[in-house]
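Next comes my_file-v2.cif, a file with mmCIF, C-alpha atoms and all ligand atoms.
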```cif
data_final
#
loop_
_atom_site.label_atom_id
_atom_site.label_comp_id
_atom_site.auth_asym_id
_atom_site.auth_seq_id
_atom_site.Cartn_x
_atom_site.Cartn_y
_atom_site.Cartn_z
CA MET D 555 -9.31 -27.79 -13.53
CA THR D 556 -11.67 -28.85 -10.73
CA THR D 557 -15.31 -27.90 -11.20
CA LEU D 558 -16.67 -25.73 -8.38
CA GLY D 559 -20.23 -26.18 -7.13
CA ILE D 560 -22.01 -22.84 -6.56
CA GLY D 561 -24.65 -22.27 -3.87
CA LEU D 562 -26.53 -18.95 -4.09
CA ILE D 563 -28.67 -17.59 -1.22
CA GLY D 564 -31.07 -14.77 -2.11
CA THR D 565 -32.45 -13.95 -5.57
CA GLY D 566 -33.47 -10.29 -5.28
CA PHE D 567 -31.70 -7.26 -6.81
CA ILE D 568 -28.15 -8.49 -6.23
CA GLY D 569 -28.84 -12.24 -6.07
CA LYS D 570 -29.84 -12.10 -9.73
CA ALA D 571 -26.60 -10.22 -10.49
CA HIS D 572 -24.63 -13.03 -8.75
CA ALA D 573 -26.49 -15.70 -10.73
CA LEU D 574 -25.77 -13.97 -14.04
CA ALA D 575 -22.14 -13.39 -13.05
CA TRP D 576 -21.62 -17.06 -12.16
CA ARG D 577 -23.11 -18.07 -15.51
CA GLN D 578 -20.92 -15.70 -17.49
CA ALA D 579 -17.53 -15.37 -15.77
CA ARG D 580 -15.76 -18.31 -17.44
CA ALA D 581 -17.44 -17.72 -20.81
CA VAL D 582 -16.11 -14.13 -20.77
CA MET D 583 -12.63 -14.71 -19.32
CA GLY D 584 -11.75 -18.25 -20.44
CA ASP D 585 -8.94 -19.03 -17.99
CA LEU D 586 -11.10 -19.85 -14.96
CA PRO D 587 -12.23 -23.04 -13.22
CA PRO D 588 -15.58 -24.27 -14.55
CA VAL D 589 -18.57 -23.90 -12.24
CA ARG D 590 -21.76 -25.92 -11.67
CA LEU D 591 -24.87 -23.98 -10.60
CA GLU D 592 -25.58 -26.52 -7.91
CA LEU D 593 -28.07 -25.25 -5.32
CA LEU D 594 -30.18 -22.13 -4.93
CA CYS D 595 -31.85 -20.94 -1.73
CA ASP D 596 -34.65 -18.44 -1.19
CA VAL D 597 -37.86 -18.26 0.81
CA PRO D 598 -40.50 -19.48 0.38
CA GLU D 599 -39.58 -22.75 -1.31
CA GLU D 600 -41.76 -22.04 -4.40
CA ARG D 601 -39.72 -18.91 -5.04
CA ALA D 602 -36.50 -20.88 -4.68
CA ARG D 603 -37.75 -23.46 -7.18
CA ALA D 604 -38.93 -20.84 -9.67
CA MET D 605 -35.68 -18.87 -9.50
CA ALA D 606 -33.53 -22.03 -9.72
CA ASP D 607 -35.40 -22.87 -12.93
CA GLN D 608 -34.98 -19.30 -14.27
CA PHE D 609 -31.27 -19.03 -13.41
CA GLY D 610 -30.38 -22.62 -14.35
CA PHE D 611 -29.52 -24.04 -10.90
CA ALA D 612 -29.84 -27.83 -10.56
CA ARG D 613 -31.63 -27.86 -7.18
CA ALA D 614 -33.52 -25.54 -4.83
CA THR D 615 -34.07 -25.24 -1.08
CA ALA D 616 -35.65 -22.82 1.38
CA ASP D 617 -33.11 -23.73 4.10
CA TRP D 618 -29.79 -21.87 3.88
CA ARG D 619 -28.31 -24.21 6.52
CA ALA D 620 -28.93 -27.15 4.19
CA LEU D 621 -27.21 -25.21 1.39
CA VAL D 622 -24.01 -24.46 3.31
CA ALA D 623 -23.87 -28.09 4.55
CA ASP D 624 -24.43 -29.60 1.08
CA PRO D 625 -21.29 -31.53 0.04
CA ALA D 626 -21.76 -30.54 -3.63
CA VAL D 627 -21.45 -26.83 -2.77
CA ASP D 628 -17.89 -25.43 -2.82
CA VAL D 629 -18.64 -21.68 -3.00
CA VAL D 630 -21.47 -19.82 -1.24
CA SER D 631 -22.83 -16.53 -2.62
CA ILE D 632 -24.61 -14.53 0.10
CA ALA D 633 -27.13 -12.12 -1.43
CA THR D 634 -29.60 -11.87 1.46
CA PRO D 635 -30.50 -8.86 3.62
CA ASN D 636 -27.66 -7.64 5.87
CA ALA D 637 -29.01 -9.23 9.06
CA LEU D 638 -28.24 -12.74 7.72
CA HIS D 639 -24.70 -12.13 6.43
CA ARG D 640 -22.78 -12.91 9.62
CA GLU D 641 -24.56 -16.14 10.51
CA ILE D 642 -24.48 -17.54 6.98
CA ALA D 643 -20.84 -16.54 6.34
CA ALA D 644 -19.64 -18.07 9.62
CA ALA D 645 -21.55 -21.31 8.99
CA ALA D 646 -20.32 -21.56 5.39
CA LEU D 647 -16.68 -20.97 6.36
CA ALA D 648 -16.93 -23.50 9.20
CA ALA D 649 -18.29 -26.01 6.66
CA GLY D 650 -15.23 -25.42 4.46
CA ARG D 651 -16.87 -23.29 1.74
CA HIS D 652 -15.43 -20.25 -0.03
CA VAL D 653 -17.67 -17.21 0.60
CA TRP D 654 -18.67 -14.29 -1.66
CA CYS D 655 -20.77 -12.02 0.57
CA GLU D 656 -22.59 -8.83 -0.28
CA LYS D 657 -21.73 -5.54 1.43
CA PRO D 658 -22.05 -4.30 4.10
CA MET D 659 -20.57 -7.18 6.10
CA GLY D 660 -23.28 -7.12 8.75
CA LEU D 661 -25.30 -4.86 11.03
CA THR D 662 -22.56 -3.94 13.48
CA LEU D 663 -18.77 -3.66 13.65
CA ALA D 664 -18.84 -6.74 15.91
CA ASP D 665 -20.45 -8.67 13.02
CA ALA D 666 -17.63 -7.63 10.67
CA GLU D 667 -14.98 -8.56 13.24
CA ALA D 668 -16.58 -11.97 13.85
CA MET D 669 -16.78 -12.63 10.10
CA THR D 670 -13.10 -11.72 9.63
CA ALA D 671 -12.14 -14.01 12.52
CA ALA D 672 -14.23 -16.82 10.98
CA ALA D 673 -12.44 -16.33 7.63
CA GLU D 674 -9.04 -16.39 9.27
CA ALA D 675 -9.94 -19.55 11.20
CA ALA D 676 -10.71 -21.30 7.88
CA PRO D 677 -7.31 -21.76 6.21
CA GLY D 678 -7.41 -22.14 2.44
CA ARG D 679 -10.97 -20.78 2.26
CA MET D 680 -11.25 -17.56 0.24
CA THR D 681 -13.62 -14.70 0.99
CA MET D 682 -14.72 -11.68 -1.04
CA LEU D 683 -17.15 -8.82 -0.48
CA GLY D 684 -19.42 -7.38 -3.17
CA TYR D 685 -17.57 -4.11 -3.81
CA ASN D 686 -18.36 -4.19 -7.52
CA TYR D 687 -17.34 -0.60 -8.33
CA VAL D 688 -13.63 -1.36 -7.73
CA ARG D 689 -13.87 -3.94 -10.57
CA ASN D 690 -14.58 -1.26 -13.19
CA PRO D 691 -11.77 -1.24 -15.80
CA ALA D 692 -11.87 2.60 -15.61
CA PHE D 693 -11.33 2.45 -11.84
CA ARG D 694 -8.49 -0.06 -12.25
CA HIS D 695 -6.93 2.36 -14.74
CA ALA D 696 -7.23 5.19 -12.20
CA GLN D 697 -5.35 2.98 -9.71
CA ARG D 698 -2.62 2.35 -12.33
CA LEU D 699 -2.29 6.08 -13.10
CA LEU D 700 -1.81 6.76 -9.40
CA ALA D 701 0.70 3.93 -8.97
CA GLU D 702 2.70 5.29 -11.93
CA GLY D 703 2.72 8.76 -10.35
CA ARG D 704 1.00 10.30 -13.40
CA ILE D 705 -0.75 12.97 -11.32
CA GLY D 706 2.14 13.28 -8.89
CA ARG D 707 1.49 12.72 -5.21
CA PRO D 708 -2.21 12.18 -4.45
CA VAL D 709 -2.98 14.81 -1.81
CA HIS D 710 -6.76 15.07 -1.66
CA PHE D 711 -9.83 12.85 -2.27
CA ARG D 712 -13.42 13.99 -2.67
CA GLY D 713 -16.31 11.61 -3.11
CA TRP D 714 -20.10 11.53 -3.17
CA VAL D 715 -22.60 8.69 -3.35
CA ASP D 716 -26.22 9.71 -3.54
CA GLU D 717 -29.56 8.11 -4.37
CA ASP D 718 -33.15 9.20 -3.80
CA TYR D 719 -34.89 5.99 -2.69
CA GLN D 720 -35.67 7.50 0.75
CA ALA D 721 -36.26 11.09 -0.39
CA ASP D 722 -40.06 10.91 -0.37
CA PRO D 723 -41.36 11.88 3.13
CA ASP D 724 -44.56 9.88 2.53
CA LEU D 725 -42.75 6.61 1.77
CA PRO D 726 -44.03 3.97 4.24
CA TRP D 727 -41.77 2.81 7.09
CA THR D 728 -39.76 -0.38 6.33
CA TRP D 729 -37.16 -2.53 8.12
CA ARG D 730 -34.50 -0.41 6.40
CA ALA D 731 -35.13 2.29 9.02
CA ARG D 732 -34.43 -0.08 11.97
CA LEU D 733 -30.95 -0.40 13.46
CA ALA D 734 -31.64 -3.98 14.59
CA GLU D 735 -32.64 -5.12 11.09
CA ALA D 736 -30.71 -2.88 8.70
CA GLY D 737 -27.76 -1.63 10.77
CA LEU D 738 -26.49 1.66 9.36
CA GLY D 739 -28.59 3.67 6.89
CA ALA D 740 -27.02 5.45 3.90
CA LEU D 741 -23.56 4.50 5.20
CA GLY D 742 -24.24 0.74 5.01
CA ASP D 743 -26.18 0.85 1.75
CA LEU D 744 -24.13 3.38 -0.21
CA GLY D 745 -21.32 4.96 1.81
CA CYS D 746 -19.34 1.72 2.09
CA HIS D 747 -19.05 1.57 -1.73
CA LEU D 748 -17.56 5.07 -1.76
CA VAL D 749 -15.14 4.15 1.04
CA SER D 750 -14.05 1.08 -0.99
CA LEU D 751 -13.10 3.46 -3.83
CA ALA D 752 -11.41 5.99 -1.51
CA VAL D 753 -9.29 3.28 0.14
CA GLY D 754 -8.56 1.61 -3.21
CA LEU D 755 -7.11 4.86 -4.51
CA MET D 756 -5.60 6.55 -1.45
CA GLY D 757 -4.83 3.69 0.96
CA PRO D 758 -6.12 3.24 4.51
CA ILE D 759 -7.92 5.95 6.50
CA GLU D 760 -6.38 6.99 9.80
CA SER D 761 -9.01 9.21 11.46
CA LEU D 762 -12.09 11.28 10.72
CA VAL D 763 -14.70 13.74 11.94
CA ALA D 764 -18.29 13.54 10.73
CA GLU D 765 -21.90 14.72 10.70
CA THR D 766 -24.97 12.57 10.07
CA GLN D 767 -28.55 13.61 9.50
CA VAL D 768 -31.97 11.98 9.62
CA ILE D 769 -34.04 13.94 7.12
CA HIS D 770 -37.39 12.25 7.79
CA ALA D 771 -37.55 11.42 11.51
CA THR D 772 -40.70 9.27 11.20
CA ARG D 773 -42.48 7.45 8.40
CA PRO D 774 -46.09 6.25 8.04
CA VAL D 775 -46.63 2.71 9.39
CA PRO D 776 -47.72 0.53 6.42
CA GLY D 777 -51.44 -0.13 6.77
CA GLY D 778 -51.50 2.58 9.55
CA PRO D 779 -52.37 4.12 11.84
CA GLY D 780 -49.52 6.39 13.01
CA ARG D 781 -45.85 6.83 12.20
CA ALA D 782 -42.71 4.92 13.24
CA PRO D 783 -39.24 6.34 13.94
CA VAL D 784 -36.34 6.26 11.46
CA GLU D 785 -33.39 4.99 13.53
CA ASN D 786 -30.51 5.28 11.05
CA GLU D 787 -28.98 8.08 9.00
CA ASP D 788 -30.33 9.40 5.70
CA VAL D 789 -27.18 11.51 5.13
CA ALA D 790 -23.57 11.29 6.33
CA THR D 791 -20.53 13.45 5.62
CA ALA D 792 -16.97 12.96 6.88
CA LEU D 793 -13.63 14.73 6.70
CA LEU D 794 -10.87 12.15 6.33
CA ARG D 795 -7.19 11.89 7.16
CA PHE D 796 -5.50 9.10 5.19
CA ALA D 797 -2.51 7.21 6.63
CA SER D 798 -0.48 8.59 3.70
CA GLY D 799 -1.00 12.14 5.01
CA ALA D 800 -3.52 12.98 2.28
CA ARG D 801 -6.83 14.53 3.29
CA GLY D 802 -10.31 14.19 1.88
CA SER D 803 -14.05 14.12 2.29
CA VAL D 804 -16.88 11.68 1.59
CA SER D 805 -20.60 12.33 1.59
CA THR D 806 -23.59 10.05 1.12
CA SER D 807 -27.35 10.51 1.00
CA ARG D 808 -30.28 8.19 0.36
CA SER D 809 -32.62 11.19 0.28
CA ALA D 810 -31.10 13.24 -2.57
CA TRP D 811 -33.91 13.85 -5.05
CA GLY D 812 -32.83 13.29 -8.64
CA ARG D 813 -29.72 11.28 -7.83
CA LYS D 814 -30.07 7.67 -8.98
CA ASN D 815 -26.59 6.23 -8.53
CA ARG D 816 -24.31 9.23 -8.29
CA LEU D 817 -21.03 7.66 -7.19
CA ASP D 818 -18.40 10.22 -8.09
CA PHE D 819 -14.87 10.98 -6.97
CA GLU D 820 -11.92 13.23 -7.63
CA VAL D 821 -8.29 12.61 -6.73
CA HIS D 822 -6.24 15.77 -6.64
CA GLY D 823 -2.52 15.25 -7.22
CA THR D 824 0.49 17.55 -7.20
CA LYS D 825 0.71 17.22 -11.02
CA GLY D 826 -2.88 16.66 -12.09
CA GLN D 827 -6.30 15.28 -11.26
CA ILE D 828 -8.39 12.17 -11.93
CA ALA D 829 -12.20 12.40 -11.84
CA PHE D 830 -14.92 9.75 -12.27
CA ALA D 831 -18.73 9.63 -12.26
CA GLN D 832 -20.51 6.24 -12.02
CA GLU D 833 -23.46 7.43 -14.12
CA ARG D 834 -20.85 7.67 -16.95
CA MET D 835 -19.01 4.55 -15.83
CA ASN D 836 -17.08 3.97 -19.08
CA GLU D 837 -15.24 7.29 -18.80
CA LEU D 838 -12.33 8.56 -16.76
CA GLN D 839 -11.39 12.24 -16.68
CA LEU D 840 -7.67 12.99 -16.53
CA TYR D 841 -5.99 16.38 -16.22
CA LEU D 842 -2.19 16.53 -16.48
CA ALA D 843 -0.50 19.84 -15.65
CA GLU D 844 1.94 19.64 -18.56
CA GLY D 845 2.39 21.01 -22.07
CA PRO D 846 1.43 24.52 -23.27
CA ALA D 847 -1.01 26.29 -20.95
CA ALA D 848 -3.20 27.12 -23.96
CA GLU D 849 -3.75 23.38 -24.58
CA GLN D 850 -4.30 22.15 -21.04
CA GLY D 851 -7.65 20.71 -20.02
CA PHE D 852 -9.37 17.55 -18.83
CA ARG D 853 -9.34 14.71 -21.33
CA THR D 854 -11.99 11.99 -21.45
CA ILE D 855 -10.55 8.48 -21.53
CA LEU D 856 -13.19 6.12 -22.93
CA SER D 857 -12.87 2.54 -21.63
CA GLY D 858 -11.66 -0.01 -24.17
CA PRO D 859 -9.42 -3.06 -24.57
CA ALA D 860 -6.46 -0.98 -23.27
CA HIS D 861 -8.23 -1.19 -19.89
CA PRO D 862 -8.38 -4.88 -18.90
CA PRO D 863 -10.55 -6.85 -18.72
CA PHE D 864 -12.77 -4.69 -21.03
CA GLY D 865 -11.44 -6.51 -24.11
CA GLN D 866 -12.62 -9.87 -22.74
CA PHE D 867 -16.20 -8.62 -23.11
CA VAL D 868 -15.92 -6.81 -26.45
CA PRO D 869 -12.86 -6.24 -28.66
CA ALA D 870 -13.64 -2.62 -29.61
CA PRO D 871 -13.43 0.52 -27.46
CA GLY D 872 -16.46 2.71 -26.86
CA HIS D 873 -18.93 -0.17 -26.81
CA GLN D 874 -19.62 0.28 -23.08
CA LEU D 875 -19.76 -2.10 -20.15
CA GLY D 876 -22.62 -1.98 -17.62
CA PHE D 877 -23.29 -2.59 -13.92
CA LEU D 878 -23.86 -6.34 -14.37
CA ASP D 879 -20.51 -6.68 -16.17
CA LEU D 880 -18.79 -5.42 -13.01
CA LYS D 881 -20.38 -8.34 -11.15
CA THR D 882 -19.07 -10.75 -13.82
CA ILE D 883 -15.55 -9.33 -13.33
CA GLU D 884 -16.06 -9.75 -9.57
CA ALA D 885 -17.03 -13.44 -9.94
CA ALA D 886 -14.01 -13.93 -12.21
CA GLU D 887 -11.67 -12.31 -9.67
CA PHE D 888 -13.06 -14.63 -7.01
CA LEU D 889 -12.65 -17.77 -9.14
CA ARG D 890 -9.06 -16.69 -9.87
CA ALA D 891 -8.46 -16.15 -6.14
CA ILE D 892 -9.79 -19.64 -5.40
CA ALA D 893 -7.64 -21.15 -8.17
CA THR D 894 -4.43 -19.38 -7.12
CA GLY D 895 -4.89 -18.97 -3.35
CA ARG D 896 -4.19 -15.21 -3.72
CA PRO D 897 -7.00 -13.09 -2.19
CA THR D 898 -8.74 -10.26 -4.05
CA ASP D 899 -8.41 -6.71 -2.72
CA THR D 900 -11.84 -6.96 -1.06
CA ASP D 901 -11.54 -10.06 1.13
CA PHE D 902 -13.05 -9.97 4.64
CA ARG D 903 -9.82 -8.55 6.15
CA ALA D 904 -9.83 -5.65 3.64
CA GLY D 905 -13.58 -5.21 4.14
CA LEU D 906 -13.12 -4.89 7.90
CA HIS D 907 -11.25 -1.61 7.34
CA ILE D 908 -14.19 -0.28 5.27
CA GLU D 909 -16.60 -1.32 8.07
CA ARG D 910 -14.41 0.39 10.67
CA VAL D 911 -14.57 3.58 8.62
CA ILE D 912 -18.36 3.63 8.16
CA HIS D 913 -18.99 2.80 11.82
CA ALA D 914 -16.42 5.46 12.81
CA ILE D 915 -18.40 8.00 10.76
CA ALA D 916 -21.55 7.14 12.75
CA GLU D 917 -19.59 7.27 16.01
CA ALA D 918 -17.85 10.56 15.23
CA ALA D 919 -21.18 12.16 14.34
CA GLY D 920 -22.84 10.77 17.47
CA THR D 921 -20.08 11.89 19.84
CA ASP D 922 -19.02 15.07 18.01
CA ARG D 923 -15.34 14.15 18.18
CA ARG D 924 -12.47 12.86 16.00
CA VAL D 925 -12.36 9.05 15.78
CA THR D 926 -9.15 7.14 15.05
CA ILE D 927 -9.57 4.03 12.93
CA ARG D 928 -8.08 0.89 14.51
CA ARG D 929 -5.67 -0.94 12.16
N1 LIG D 1001 -23.12 -4.62 -4.49
C1 LIG D 1001 -24.16 -3.87 -4.82
O1 LIG D 1001 -24.07 -2.98 -5.66
C2 LIG D 1001 -25.47 -4.14 -4.12
C3 LIG D 1001 -26.68 -3.69 -4.67
C4 LIG D 1001 -27.87 -4.01 -4.02
C5 LIG D 1001 -27.86 -4.72 -2.83
N2 LIG D 1001 -26.66 -5.11 -2.30
C6 LIG D 1001 -26.61 -5.87 -1.03
O2 LIG D 1001 -27.16 -7.16 -1.30
C7 LIG D 1001 -27.90 -7.63 -0.17
C8 LIG D 1001 -29.32 -7.97 -0.63
O3 LIG D 1001 -29.92 -6.78 -1.10
P1 LIG D 1001 -31.01 -6.82 -2.26
O4 LIG D 1001 -31.22 -5.40 -2.67
O5 LIG D 1001 -30.66 -7.84 -3.29
O6 LIG D 1001 -32.27 -7.31 -1.42
P2 LIG D 1001 -33.60 -7.97 -1.97
O7 LIG D 1001 -34.62 -7.73 -0.93
O8 LIG D 1001 -33.87 -7.54 -3.39
O9 LIG D 1001 -33.24 -9.53 -2.02
C9 LIG D 1001 -33.01 -10.28 -0.84
C10 LIG D 1001 -33.25 -11.74 -1.16
O10 LIG D 1001 -32.95 -12.54 -0.01
C11 LIG D 1001 -34.00 -13.46 0.17
N3 LIG D 1001 -34.07 -13.90 1.56
C12 LIG D 1001 -34.48 -13.21 2.66
N4 LIG D 1001 -34.43 -13.97 3.77
C13 LIG D 1001 -33.96 -15.17 3.38
C14 LIG D 1001 -33.68 -16.40 4.05
N5 LIG D 1001 -33.88 -16.55 5.37
N6 LIG D 1001 -33.21 -17.44 3.32
C15 LIG D 1001 -33.00 -17.33 1.99
N7 LIG D 1001 -33.25 -16.19 1.28
C16 LIG D 1001 -33.72 -15.13 1.98
C17 LIG D 1001 -35.24 -12.69 -0.26
O11 LIG D 1001 -36.35 -13.53 -0.51
C18 LIG D 1001 -34.70 -12.02 -1.54
O12 LIG D 1001 -34.72 -12.89 -2.65
C19 LIG D 1001 -27.84 -6.53 0.87
O13 LIG D 1001 -26.82 -6.85 1.78
C20 LIG D 1001 -27.46 -5.28 0.08
O14 LIG D 1001 -26.72 -4.34 0.82
C21 LIG D 1001 -25.48 -4.85 -2.93
#
```
Write-out of the structure in C-alpha cells:
Amino acid sequence: MTTLGIGLIGTGFIGKAHALAWRQARAVMGDLPPVRLELLCDVPEERARAMADQFGFARATADWRALVADPAVDVVSIATPNALHREIAAAALAAGRHVWCEKPMGLTLADAEAMTAAAEAAPGRMTMLGYNYVRNPAFRHAQRLLAEGRIGRPVHFRGWVDEDYQADPDLPWTWRARLAEAGLGALGDLGCHLVSLAVGLMGPIESLVAETQVIHATRPVPGGPGRAPVENEDVATALLRFASGARGSVSTSRSAWGRKNRLDFEVHGTKGQIAFAQERMNELQLYLAEGPAAEQGFRTILSGPAHPPFGQFVPAPGHQLGFLDLKTIEAAEFLRAIATGRPTDTDFRAGLHIERVIHAIAEAAGTDRRVTIRR
C-alpha cells in the first residue's frame, strides 16, 4: 500500500482531534494505507513548531499555502476557523490533494457551492466533511435498523442540539457573533451536525419553515467601552418535510444553560421508535410494537462488537467509545475512501445538501415563508 503524507492546518479543539485520529486510524483498523504525519500548519510559527513536536509531525509551517503546495502532502486536514475553509479547500484540491474539511463548509451557501464545484473539478481527489456523529457505531446501527424496516416506515423525526457556550449575557463579544467572520451562528456550529443525522436517517429534506432568535442582541466589547451587535442566531427551530413524505422538526441553541452537548433524536416509525442521546453516546433506545402489551417498552442497546467498528477498538461490549474515537473512525473511513475510490457519505456533494438546509432555515426565518431546498 502507498504511504499517504498528511498535512494538518489548525491545532485547536478539532485540529488536535484530527492529529490523534491520523495517528490512530491504522493502528485501530489494520486494513488501511499507512500515513506519514508530514507537515503541520498553525500561526504563529512557534505554535506550529510546538504542536508538530507534540503531535509527532515531521515539519511545521505558518503558511497554509506552502502546506497545500508541498509535494510530500497527499491529504490535507482543514481544522481552521470557518472563514478559511473555502480558500484552503479549493487550493488543496487544485494542487491534487485529498481534503478532509471541518464543518460547516464555509460562511455562505456560495462558499459550499464553490467547494463542491472545486471537488468535482478534481477527478480522483476525495473529499470528506467532519460530521463525526454519523460515525458512531450506535448511529450506524440505527441506520441499519431503519434499512431493515425494524420500526416500519419512518414517518417522523425530532432532533435537538443544544449547548450553553453563549448563554451568559455578560460574555464578551467575539468574531463568532459576526456574519462576515463566522457565517451562521448556532446553525453553523451545531445545527449542521443535527441535520447530518436527520438526513442520514430519513434521507434528503424537501422544504421547511423556521424561526430563529438572537437571545443577547449585543455583547460587551472586550476591553470596552460599549457593546457590539450579535449578527447571527443563538437559536433556530425548523419544521421539515422530507422527500420521502416524512415530517419532522429540528431545534438548536447555543444559549441553553445546562446543555453541554445535547445532540438527541427520535425516529418514529409505523412499528416502533428509535431514540438516541449524544451525552449517552454508547446507547441506542429501541421500542418495537410487538409481543405481549404487558412486556412492551424501550430497550437499551449498549454498543459493543456487534456494532462495527466498535470491536476494532475493544473486544468487549459495554467498555464505551468516546468523542475522539468517532474522529478516528472518520479518518479511517476517509483512508478507505482514498484507497477504494468510493466516497464516504459526507463528501462535499453530500455536505452541500446539509448547507442548503441550514441556510434555508436562516432564510425561512428571515422571510417568514416556506423554503424549498434545491436538489
Ligand atoms: N466536528 C466537530 O465536532 C467540531 C468541533 C469543534 C470545531 N469544529 C470545527 O472546526 C473548525 C475549527 O474550530 P476549533 O473549535 O478547532 O477552533 P480553534 O479556535 O480551537 O482552532 C482553530 C485553529 O486554527 C488556527 N488558525 C487560525 N488561522 C490560521 C491560519 N491562517 N493558518 C493556520 N492556522 C490557523 C488557530 O491558531 C487554531 O489552532 C471550525 O470550522 C469548527 O466549526 C468541529
Who sits within 12 Å of D:Arg698, all atoms listed in the file, same chain under 6 positions skipped, as a PyMOL selection string: chain D and resi 691-692+704-705+754-755+828+861-862
Using only C-alpha atoms, determine which residues lie at most 8 Å from stretch 791-803 of chain D, disregarding the query and same-chain residues fewer than 2 positions distant; provide the list as a ChimeraX atom specification. /D:708-713,756-766,789,805-806,915
Can you tell me which residues come within 6 Å of ligand LIG 1001 (chain D) when counting all atoms listed in the file, ideally as a list in words?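 Sorted by chain and then by number, the residues are Ile563, Gly564, Thr565, Gly566, Phe567, Ile568, Gly569, Cys595, Asp596, Val597, Trp618, Ala633, Thr634, Pro635, Asn636, Glu656, Lys657, Pro658, Gly684, Tyr685, Asn686 and Asp743 of chain D.
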Coordinates-based distance that separates atom CA of D:Met835 from atom CA of D:Leu875 (Å, one decimal): 8.0 Å
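The two atoms in question, atom CA of D:Phe611 and atom CA of D:Leu558, are spaced 13.2 Å apart.
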